[in-house]
$ cat coords_11.txt   # compact mmCIF, C-alpha atoms
# COMPACT_ATOMS: atom_id res chain seq x y z
CA MET A 12 61.90 -30.31 46.21
CA GLN A 13 61.30 -33.67 47.89
CA ARG A 14 59.24 -33.22 51.07
CA ARG A 15 59.62 -35.56 54.02
CA ILE A 16 56.30 -34.27 55.36
CA PRO A 17 53.42 -33.54 52.95
CA LEU A 18 52.23 -29.99 52.52
CA PHE A 19 48.99 -29.21 54.42
CA THR A 20 48.94 -32.54 56.22
CA SER A 21 46.92 -33.79 59.16
CA GLU A 22 49.13 -36.84 59.64
CA GLY A 23 50.42 -35.58 62.98
CA VAL A 24 47.04 -35.94 64.68
CA ARG A 25 46.42 -39.42 66.02
CA ASP A 26 43.09 -41.20 66.38
CA ALA A 27 40.84 -38.31 65.45
CA GLU A 28 38.00 -37.71 63.06
CA VAL A 29 39.10 -34.88 60.77
CA THR A 30 36.55 -32.74 58.93
CA VAL A 31 37.03 -29.54 56.96
CA HIS A 32 34.43 -26.77 57.18
CA PRO A 33 34.61 -24.08 54.49
CA PHE A 34 32.84 -20.82 55.29
CA ALA A 35 32.70 -17.27 53.99
CA ALA A 36 34.11 -14.28 55.83
CA GLY A 37 31.92 -11.21 56.20
CA ASP A 38 33.36 -9.67 53.03
CA GLY A 39 33.02 -12.87 51.02
CA LEU A 40 36.50 -14.38 51.23
CA GLY A 41 36.55 -18.16 51.44
CA LEU A 42 38.11 -19.45 54.69
CA THR A 43 38.25 -22.83 56.40
CA LEU A 44 38.00 -24.44 59.80
CA THR A 45 39.42 -27.91 60.40
CA ARG A 46 37.84 -29.95 63.17
CA TYR A 47 39.74 -32.68 65.02
CA ARG A 48 37.33 -34.71 67.10
CA ARG A 49 37.52 -37.76 69.32
CA ARG A 50 34.11 -39.14 70.06
CA PRO A 51 33.64 -40.78 73.47
CA ALA A 52 34.00 -44.55 73.49
CA THR A 53 30.71 -46.42 73.56
CA GLY A 54 29.74 -49.64 75.26
CA SER A 55 32.06 -49.31 78.25
CA ALA A 56 30.45 -48.03 81.43
CA PRO A 57 32.71 -47.00 84.34
CA ALA A 58 33.13 -49.52 87.10
CA THR A 59 30.92 -49.09 90.16
CA GLY A 60 32.58 -46.88 92.72
CA SER A 61 35.29 -45.74 90.31
CA VAL A 62 36.59 -42.19 90.57
CA PRO A 63 35.78 -40.07 87.51
CA SER A 64 38.88 -39.07 85.53
CA ALA A 65 40.08 -35.50 85.85
CA GLY A 66 39.65 -33.09 82.98
CA PRO A 67 36.92 -31.06 81.35
CA ALA A 68 33.52 -32.27 80.28
CA PRO A 69 33.06 -33.20 76.61
CA SER A 70 31.17 -29.92 76.10
CA ASP A 71 34.45 -28.00 75.86
CA ALA A 72 35.80 -27.04 72.43
CA VAL A 73 39.09 -25.28 71.68
CA LEU A 74 39.78 -22.97 68.74
CA LEU A 75 43.40 -22.62 67.56
CA VAL A 76 44.39 -19.45 65.69
CA HIS A 77 47.64 -19.04 63.74
CA GLY A 78 49.60 -15.86 63.04
CA LEU A 79 50.55 -14.05 59.84
CA THR A 80 52.42 -16.09 57.20
CA THR A 81 51.74 -19.38 59.00
CA SER A 82 48.57 -21.50 58.97
CA SER A 83 46.77 -24.15 60.96
CA ASP A 84 49.75 -26.39 60.07
CA MET A 85 51.70 -24.85 62.95
CA PHE A 86 49.41 -26.83 65.27
CA VAL A 87 49.74 -30.13 63.36
CA MET A 88 53.36 -31.28 63.20
CA PRO A 89 54.06 -34.96 62.49
CA GLU A 90 57.74 -34.64 63.42
CA HIS A 91 56.93 -34.32 67.14
CA ASP A 92 54.06 -33.93 69.60
CA ASP A 93 51.91 -31.00 68.52
CA LEU A 94 49.30 -28.86 70.26
CA THR A 95 46.28 -30.41 68.53
CA THR A 96 47.23 -33.92 69.62
CA TYR A 97 48.17 -32.70 73.08
CA LEU A 98 44.73 -31.16 73.59
CA LEU A 99 42.99 -34.30 72.35
CA ASP A 100 45.13 -36.42 74.68
CA HIS A 101 44.49 -34.20 77.70
CA GLY A 102 40.74 -34.01 77.90
CA TYR A 103 39.75 -31.69 75.05
CA PRO A 104 38.14 -33.95 72.45
CA ASP A 105 36.88 -31.19 70.12
CA VAL A 106 39.63 -29.03 68.61
CA TRP A 107 39.07 -26.54 65.80
CA ALA A 108 41.88 -24.90 63.80
CA LEU A 109 41.10 -21.73 61.89
CA ASP A 110 42.71 -20.68 58.62
CA HIS A 111 41.83 -16.99 58.37
CA ARG A 112 42.84 -14.66 55.54
CA MET A 113 46.44 -14.41 56.74
CA SER A 114 46.92 -18.17 56.26
CA ASN A 115 49.51 -19.34 53.75
CA ARG A 116 46.98 -21.95 52.60
CA PHE A 117 45.21 -19.23 50.61
CA PRO A 118 46.39 -17.06 47.69
CA TYR A 119 45.22 -13.82 49.28
CA ASP A 120 48.71 -12.63 50.22
CA LEU A 121 50.12 -13.27 46.74
CA ALA A 122 48.86 -9.88 45.57
CA ALA A 123 49.27 -6.22 46.46
CA HIS A 124 46.07 -6.29 48.53
CA ARG A 125 45.04 -3.65 51.04
CA PHE A 126 43.75 -5.88 53.82
CA THR A 127 44.45 -4.72 57.36
CA LEU A 128 44.16 -6.32 60.76
CA ASP A 129 40.76 -4.62 61.02
CA ASP A 130 39.51 -6.83 58.19
CA VAL A 131 40.43 -9.98 60.10
CA ALA A 132 38.80 -8.69 63.30
CA LEU A 133 35.65 -7.49 61.54
CA HIS A 134 35.06 -10.16 58.89
CA ASP A 135 36.92 -13.37 59.79
CA PHE A 136 36.37 -14.03 63.48
CA PRO A 137 32.61 -13.40 63.74
CA ALA A 138 32.03 -15.70 60.75
CA ALA A 139 34.34 -18.37 62.18
CA PHE A 140 32.60 -18.31 65.56
CA ALA A 141 29.20 -18.54 63.89
CA GLU A 142 30.34 -21.61 61.96
CA ILE A 143 31.70 -23.31 65.09
CA ARG A 144 28.57 -22.54 67.10
CA ALA A 145 26.44 -24.04 64.35
CA HIS A 146 28.14 -27.36 65.11
CA ILE A 147 28.79 -27.29 68.87
CA GLY A 148 25.67 -25.40 69.93
CA PRO A 149 25.24 -22.23 71.96
CA ALA A 150 25.78 -23.84 75.39
CA ALA A 151 29.17 -25.50 74.79
CA ARG A 152 32.18 -23.87 76.38
CA LEU A 153 34.55 -22.49 73.76
CA HIS A 154 38.19 -21.70 74.54
CA VAL A 155 40.69 -19.98 72.25
CA ILE A 156 44.46 -20.35 71.89
CA ALA A 157 45.81 -17.70 69.51
CA HIS A 158 49.27 -16.68 68.36
CA CYS A 159 50.93 -13.43 67.24
CA LEU A 160 48.80 -11.40 64.80
CA GLY A 161 46.13 -14.07 65.06
CA GLY A 162 46.08 -13.21 68.76
CA VAL A 163 46.09 -9.48 68.04
CA THR A 164 43.13 -9.68 65.66
CA PHE A 165 41.22 -12.06 67.94
CA ALA A 166 41.75 -9.65 70.85
CA MET A 167 40.59 -6.77 68.64
CA SER A 168 37.41 -8.63 67.70
CA LEU A 169 36.84 -9.61 71.33
CA ALA A 170 37.36 -6.04 72.59
CA ALA A 171 34.98 -4.76 69.90
CA GLY A 172 32.29 -7.16 71.12
CA LEU A 173 32.07 -8.90 67.74
CA VAL A 174 32.81 -12.30 69.23
CA THR A 175 31.10 -13.40 72.42
CA GLY A 176 30.68 -16.52 74.47
CA VAL A 177 34.42 -17.17 74.85
CA THR A 178 35.02 -19.15 78.04
CA SER A 179 38.76 -18.44 78.25
CA ALA A 180 41.59 -17.45 75.92
CA VAL A 181 45.35 -17.86 75.72
CA ILE A 182 47.07 -15.25 73.54
CA ASN A 183 50.75 -15.78 72.81
CA SER A 184 53.37 -13.14 72.00
CA SER A 185 51.10 -10.15 71.30
CA ALA A 186 47.57 -8.94 71.93
CA LEU A 187 46.51 -5.28 72.14
CA VAL A 188 49.98 -3.74 72.63
CA LEU A 189 52.90 -4.22 70.22
CA ARG A 190 56.50 -3.65 71.33
CA PRO A 191 58.77 -4.99 68.57
CA PRO A 192 62.56 -4.56 68.76
CA ARG A 193 64.13 -1.37 67.38
CA TRP A 194 65.43 -3.01 64.20
CA SER A 195 61.95 -4.39 63.51
CA ARG A 196 60.51 -0.90 63.83
CA CYS A 197 62.99 0.35 61.25
CA LYS A 198 61.89 -2.41 58.86
CA LEU A 199 58.24 -1.50 59.38
CA TYR A 200 58.93 1.98 58.03
CA VAL A 201 61.12 0.98 55.09
CA VAL A 202 60.12 -2.48 53.84
CA PRO A 203 56.50 -1.99 52.61
CA GLY A 204 57.27 0.90 50.26
CA LEU A 205 60.64 -0.50 49.20
CA THR A 206 59.17 -3.88 48.31
CA GLU A 207 56.02 -2.70 46.52
CA TYR A 208 57.15 0.50 44.79
CA VAL A 209 60.91 0.09 44.28
CA LEU A 210 61.32 -3.66 43.80
CA GLY A 211 57.86 -4.02 42.26
CA LEU A 212 56.98 -7.09 44.31
CA PRO A 213 53.53 -7.49 45.91
CA TYR A 214 54.68 -9.72 48.78
CA LEU A 215 57.59 -11.20 50.70
CA ASN A 216 58.08 -14.94 50.52
CA PRO A 217 60.35 -17.30 52.51
CA ALA A 218 60.13 -19.70 49.55
CA TRP A 219 62.04 -17.29 47.27
CA PRO A 220 65.24 -19.35 47.70
CA LEU A 221 63.44 -22.11 45.76
CA ASP A 222 62.65 -19.84 42.78
CA ALA A 223 64.41 -20.20 39.45
CA PRO A 224 67.98 -18.80 39.26
CA PHE A 225 68.34 -15.07 38.58
CA THR A 226 64.72 -14.24 39.37
CA ARG A 227 64.20 -11.25 41.65
CA GLY A 228 62.99 -13.36 44.56
CA ARG A 229 65.95 -15.74 44.34
CA MET A 230 68.44 -12.86 44.15
CA ILE A 231 66.85 -11.10 47.14
CA ALA A 232 67.03 -14.35 49.13
CA ARG A 233 70.73 -14.75 48.25
CA LEU A 234 71.38 -11.18 49.42
CA VAL A 235 69.52 -11.80 52.69
CA SER A 236 71.55 -14.96 53.34
CA LEU A 237 74.78 -12.93 53.24
CA PHE A 238 73.69 -11.38 56.56
CA HIS A 239 72.62 -14.66 58.20
CA PRO A 240 75.55 -17.01 58.80
CA GLU A 241 73.76 -18.80 61.66
CA CYS A 242 72.56 -21.74 59.54
CA ARG A 243 72.49 -23.09 55.99
CA GLU A 244 68.74 -22.89 55.43
CA PRO A 245 67.99 -19.82 53.26
CA SER A 246 64.26 -19.89 54.02
CA CYS A 247 65.14 -19.54 57.71
CA HIS A 248 67.11 -16.42 56.78
CA MET A 249 64.12 -15.04 54.91
CA VAL A 250 61.68 -15.40 57.82
CA SER A 251 64.20 -13.65 60.07
CA ALA A 252 64.34 -10.81 57.55
CA MET A 253 60.54 -10.65 57.34
CA TRP A 254 59.92 -10.70 61.09
CA GLY A 255 61.80 -9.75 64.19
CA SER A 256 65.41 -8.98 64.94
CA GLY A 257 67.99 -11.70 65.37
CA ARG A 258 69.85 -14.64 63.87
CA PRO A 259 67.43 -16.40 63.83
CA ALA A 260 64.60 -14.11 64.89
CA LEU A 261 61.53 -16.30 65.29
CA TYR A 262 62.92 -19.20 67.31
CA ASP A 263 65.99 -20.76 68.86
CA HIS A 264 67.55 -23.35 66.58
CA ASP A 265 68.22 -25.64 69.54
CA LEU A 266 64.49 -25.75 70.34
CA MET A 267 63.44 -26.76 66.83
CA SER A 268 63.48 -30.19 65.22
CA PRO A 269 65.83 -30.39 62.21
CA VAL A 270 62.82 -31.61 60.21
CA THR A 271 60.88 -28.45 61.13
CA HIS A 272 63.88 -26.30 60.24
CA GLU A 273 64.16 -27.80 56.76
CA ARG A 274 60.48 -27.18 55.99
CA VAL A 275 60.35 -23.54 57.05
CA ALA A 276 59.28 -22.54 53.51
CA ASP A 277 56.17 -24.71 53.91
CA LEU A 278 55.26 -23.57 57.41
CA PHE A 279 55.81 -19.84 56.82
CA GLY A 280 54.22 -18.51 53.65
CA ALA A 281 54.19 -15.27 51.71
CA THR A 282 52.69 -12.12 53.12
CA GLY A 283 51.33 -8.96 51.55
CA LEU A 284 52.78 -5.69 52.78
CA ASN A 285 49.71 -3.80 53.97
CA TYR A 286 49.56 -5.71 57.24
CA TYR A 287 52.96 -4.20 58.02
CA ARG A 288 51.49 -0.72 57.58
CA HIS A 289 48.77 -1.42 60.13
CA ILE A 290 51.34 -2.88 62.53
CA ARG A 291 53.37 0.30 62.08
CA ALA A 292 50.34 2.41 62.99
CA ILE A 293 49.77 0.31 66.12
CA VAL A 294 53.41 0.58 67.17
CA ARG A 295 53.31 4.34 66.63
CA ALA A 296 50.11 4.67 68.69
CA GLY A 297 51.37 2.41 71.47
CA ARG A 298 48.22 0.27 71.37
CA ALA A 299 45.92 -1.48 68.89
CA VAL A 300 44.08 1.16 66.87
CA LYS A 301 41.88 1.16 63.79
CA TYR A 302 43.83 1.71 60.59
CA ARG A 303 41.28 4.01 58.94
CA PRO A 304 39.38 5.95 61.62
CA GLY A 305 36.23 7.46 60.18
CA ASP A 306 35.86 4.90 57.38
CA PRO A 307 32.17 3.88 57.51
CA ALA A 308 33.05 0.37 56.35
CA TYR A 309 34.64 -0.20 59.77
CA ARG A 310 32.12 1.62 61.95
CA GLU A 311 31.52 -1.53 64.03
CA LEU A 312 35.11 -1.37 65.27
CA PRO A 313 36.43 1.01 67.94
CA ASP A 314 39.11 3.53 67.05
CA ASP A 315 41.08 2.44 70.13
CA TYR A 316 40.84 -1.28 70.92
CA LEU A 317 42.71 -1.04 74.21
CA GLU A 318 40.22 1.48 75.56
CA ALA A 319 37.37 -0.75 74.36
CA ALA A 320 38.96 -3.64 76.29
CA ALA A 321 37.84 -1.99 79.54
CA GLY A 322 34.65 -3.99 79.20
CA LEU A 323 36.33 -7.38 78.83
CA THR A 324 35.25 -10.19 81.12
CA THR A 325 36.78 -13.18 79.30
CA PRO A 326 39.65 -14.65 81.36
CA LEU A 327 42.90 -14.15 79.44
CA LEU A 328 46.29 -15.78 79.79
CA LEU A 329 48.92 -13.70 77.98
CA THR A 330 52.03 -15.73 77.25
CA THR A 331 55.41 -15.24 75.61
CA GLY A 332 58.91 -16.61 75.57
CA ASP A 333 61.37 -14.59 77.60
CA ARG A 334 63.66 -14.51 74.54
CA ASN A 335 61.08 -13.18 72.10
CA HIS A 336 62.84 -11.25 69.32
CA VAL A 337 59.71 -10.56 67.29
CA MET A 338 57.22 -8.99 69.71
CA ALA A 339 59.68 -8.56 72.58
CA GLY A 340 57.83 -7.09 75.57
CA SER A 341 54.42 -6.82 73.91
CA ASN A 342 52.37 -9.10 76.15
CA PRO A 343 53.99 -7.99 79.42
CA ALA A 344 53.12 -4.41 78.44
CA CYS A 345 49.60 -5.44 77.43
CA GLN A 346 49.01 -7.23 80.72
CA ARG A 347 50.03 -4.11 82.63
CA GLU A 348 47.59 -2.03 80.59
CA LEU A 349 44.75 -4.51 81.04
CA ALA A 350 45.39 -4.70 84.78
CA VAL A 351 44.39 -1.03 84.91
CA ARG A 352 41.51 -1.13 82.43
CA ALA A 353 40.02 -4.54 83.20
CA PRO A 354 41.32 -5.60 86.63
CA GLY A 355 41.45 -9.32 87.28
CA VAL A 356 40.78 -10.37 83.70
CA SER A 357 44.33 -11.16 82.53
CA ARG A 358 47.37 -13.07 83.74
CA LEU A 359 50.90 -13.25 82.31
CA HIS A 360 53.13 -16.29 81.92
CA LEU A 361 56.69 -16.31 80.52
CA PHE A 362 58.30 -19.42 79.08
CA PRO A 363 62.01 -19.49 80.03
CA GLY A 364 64.37 -19.97 77.12
CA TYR A 365 61.66 -19.72 74.46
CA GLY A 366 61.16 -17.05 71.84
CA HIS A 367 58.27 -16.34 69.48
CA GLN A 368 57.34 -19.27 67.26
CA ASP A 369 59.10 -22.08 69.14
CA VAL A 370 56.48 -21.76 71.90
CA PHE A 371 54.14 -23.77 69.67
CA MET A 372 56.48 -25.37 67.15
CA GLY A 373 59.39 -26.37 69.36
CA LYS A 374 60.35 -30.04 69.60
CA ASP A 375 59.87 -30.00 73.40
CA SER A 376 56.86 -27.67 73.59
CA ALA A 377 54.64 -30.56 74.70
CA ARG A 378 56.83 -30.85 77.79
CA ASP A 379 57.69 -27.20 78.48
CA VAL A 380 54.71 -25.17 77.23
CA PHE A 381 51.48 -27.06 76.57
CA PRO A 382 50.86 -28.18 80.19
CA HIS A 383 50.65 -24.50 81.21
CA LEU A 384 48.07 -23.84 78.50
CA THR A 385 45.80 -26.74 79.43
CA ALA A 386 46.16 -25.94 83.13
CA PHE A 387 44.71 -22.50 82.42
CA LEU A 388 41.90 -23.91 80.28
CA ASP A 389 41.13 -26.50 82.96
CA THR A 390 40.44 -23.79 85.54
CA HIS A 391 37.62 -22.49 83.34
CA ALA A 392 36.36 -25.74 81.84
CA ARG A 393 34.26 -26.82 84.78
$ encode --input "coords_11.txt" --output "structure tokens"
Amino acid sequence: MQRRIPLFTSEGVRDAEVTVHPFAAGDGLGLTLTRYRRRPATGSAPATGSVPSAGPAPSDAVLLVHGLTTSSDMFVMPEHDDLTTYLLDHGYPDVWALDHRMSNRFPYDLAAHRFTLDDVALHDFPAAFAEIRAHIGPAARLHVIAHCLGGVTFAMSLAAGLVTGVTSAVINSSALVLRPPRWSRCKLYVVPGLTEYVLGLPYLNPAWPLDAPFTRGRMIARLVSLFHPECREPSCHMVSAMWGSGRPALYDHDLMSPVTHERVADLFGATGLNYYRHIRAIVRAGRAVKYRPGDPAYRELPDDYLEAAAGLTTPLLLTTGDRNHVMAGSNPACQRELAVRAPGVSRLHLFPGYGHQDVFMGKDSARDVFPHLTAFLDTHAR
């Protein structure tokens, strides 16, 4: 396959110093943070009497958190303006992008593992925050923008009190309440067992259409495509089968660049099935809950994260597209719950015409979405 855009690239970010910071999660998994930094220009003092430019002080850093099957690449997209560049251009000169254990940059999902969302909340986020603080210091303001299950696990870690010192946070699509469509709920009950124990496959992979002919993955992808006549990109069909309910499920084709659409297999990776089991438990409970209550390995986590969120003080902006076919009404429901448990902490914003993934990866997101995110951060950056 000839790629127009390199795999795992940082080419989309302009005029920034890029450094990679490997670190170990609490259980020993190797993870990475990528830092995009613009240092202030030297040797040019402002003119006497000039009005200082608007925007936050340089002591503000922003952490970007991807969802399951994607990676930090969803925030670095050379084919159009991306969120990392937008933040750097709009007064946030220190942007960090986390690749946690659900990232497709790592091999951890290419096995029949038994990781749950609790593992990300307990092991990944505290270690990531410690690494960032080691570089920016304890006094710097730190904001978070998180998506989907990255947002869920960040909210779980925040509610559990395992991460502190967060100045403000934007969580897109889902946080502590999950309300997927009915067809998605059916898949949550059937797909994990069917895939692992009947088909004998440890993961689902949108890149299966690129496998050799007559392999199981390739044949499954061909079968999936029979039910998705909406486009001619089989990897797009696979991600719709893996997540959500619709044709396509994760985004509106009209909101995506054709270049993004053709590299879906790079942007959305394989995923192990045990995360689906934890999602199923959360959907059944009606709120984020621990997967194994009573397991001493997870004693630092609450059994009920939504109840633990009663102590939250971090300002939260919960966002979603009003055509979200993956998490549907999850964040509106979460905001209603938080309004009761932690009054005044959270706000809700809907993006008209947008769905789930196109909020961040859409070709016009820099015009339609990103200004709302930075406006919220700005209110807490000074």
$ atom_distance --input "coords_11.txt" --atom1 "CA of Leu323 (chain A)" --atom2 "CA of Ala170 (chain A)"
6.5 Å
$ residues_around --input "coords_11.txt" --residues "Leu44 (chain A)" --least-positions-apart "3" --cutoff "6 Å" --atoms "all atoms listed in the file" --output "list in words"
Val31, His32, Ala108 and Leu109 of chain A
$ residues_around --input "coords_11.txt" --residues "Val300 (chain A)" --least-positions-apart "3" --cutoff "7 Å" --atoms "all atoms listed in the file" --output "ChimeraX atom specification"
/A:293,314-316
$ closest_residue --input "coords_11.txt" --among "A:Val270, A:Ala392, A:Leu40, A:Ala339" --to "Gly366 (chain A)" --atoms "all atoms listed in the file"
A:Ala339
$ residues_around --input "coords_11.txt" --residues "region 275-288 of chain A" --least-positions-apart "2" --cutoff "6 Å" --atoms "all atoms listed in the file" --output "list in words"
Thr80, Thr81, Asn115, Asp120, Arg125, Thr127, Pro203, Tyr214, Leu215, Asn216, Pro217, Ala218, Ser246, His272, Glu273, Ile290 and Arg291 of chain A
$ closest_atom_pairs --input "coords_11.txt" --of "region 202-299 of chain A" --to "region 371-385 of chain A" --cutoff "8 Å" --atoms "all atoms listed in the file" --output "JSON lines"
{"residue": "A:Leu266", "atom": "CA", "partner": "A:Gly373", "partner_atom": "CA", "distance": 5.2}
{"residue": "A:Met267", "atom": "CA", "partner": "A:Gly373", "partner_atom": "CA", "distance": 4.8}
{"residue": "A:Ser268", "atom": "CA", "partner": "A:Lys374", "partner_atom": "CA", "distance": 5.4}
$ closest_residue --input "coords_11.txt" --among "A:His77, A:His248, A:Arg50, A:His336" --to "Trp194 (chain A)" --atoms "only C-alpha atoms"
A:His336
$ residues_near_point --input "coords_11.txt" --point "(59.9, -17.7, 80.9)" --cutoff "10 Å" --atoms "only C-alpha atoms" --output "MDAnalysis selection string"
chainID A and resid 330:335 360:366 380
$ axis_aligned_box --input "coords_11.txt" --around "region 101-114 of chain A" --padding-each-side "5 Å" --output "AutoDock Vina command-line options"
--center_x 41.9 --center_y -24.3 --center_z 66.7 --size_x 20.0 --size_y 29.8 --size_z 32.4
$ residues_around --input "coords_11.txt" --residues "region 149-151 of chain A" --least-positions-apart "6" --cutoff "9 Å" --atoms "all atoms listed in the file" --output "list in words"
Pro69, Ser70, Asp71, Ala72 and Gly176 of chain A
$ residues_around --input "coords_11.txt" --residues "Ile156 (chain A)" --least-positions-apart "5" --cutoff "7 Å" --atoms "only C-alpha atoms" --output "short mmCIF file (atom, residue, chain, number, x, y, z; two decimals) with C-alpha atoms, in the frame of the given file"
data_model
loop_
_atom_site.label_atom_id
_atom_site.label_comp_id
_atom_site.auth_asym_id
_atom_site.auth_seq_id
_atom_site.Cartn_x
_atom_site.Cartn_y
_atom_site.Cartn_z
CA LEU A 74 39.78 -22.97 68.74
CA LEU A 75 43.40 -22.62 67.56
CA VAL A 76 44.39 -19.45 65.69
CA ALA A 180 41.59 -17.45 75.92
CA VAL A 181 45.35 -17.86 75.72
CA ILE A 182 47.07 -15.25 73.54
#
$ closest_residue --input "coords_11.txt" --among "A:His134, A:Arg49, A:Arg243, A:Arg116" --to "Leu18 (chain A)" --atoms "only C-alpha atoms"
A:Arg116
$ atom_distance --input "coords_11.txt" --atom1 "CA of Asn183 (chain A)" --atom2 "CA of His158 (chain A)"
4.8 Å
$ closest_residue --input "coords_11.txt" --among "A:Pro245, A:Phe387, A:Asp129, A:Val29" --to "Pro304 (chain A)" --atoms "only C-alpha atoms"
A:Asp129
$ residues_near_point --input "coords_11.txt" --point "(38.2, -26.5, 73.9)" --cutoff "8 Å" --atoms "only C-alpha atoms" --output "list of chain:residue names"
A:Asp71, A:Ala72, A:Val73, A:Leu74, A:Tyr103, A:Pro104, A:Asp105, A:Val106, A:Arg152, A:Leu153, A:His154, A:Val155, A:Leu388
$ atom_distance --input "coords_11.txt" --atom1 "CA of Val177 (chain A)" --atom2 "CA of His391 (chain A)"
10.5 Å
$ closest_residue --input "coords_11.txt" --among "A:Leu237, A:Ala353, A:Ala232, A:Ala171" --to "Met249 (chain A)" --atoms "all atoms listed in the file"
A:Ala232
$ closest_residue --input "coords_11.txt" --among "A:Val87, A:Glu207, A:Leu312, A:Val163" --to "Ala123 (chain A)" --atoms "all atoms listed in the file"
A:Glu207
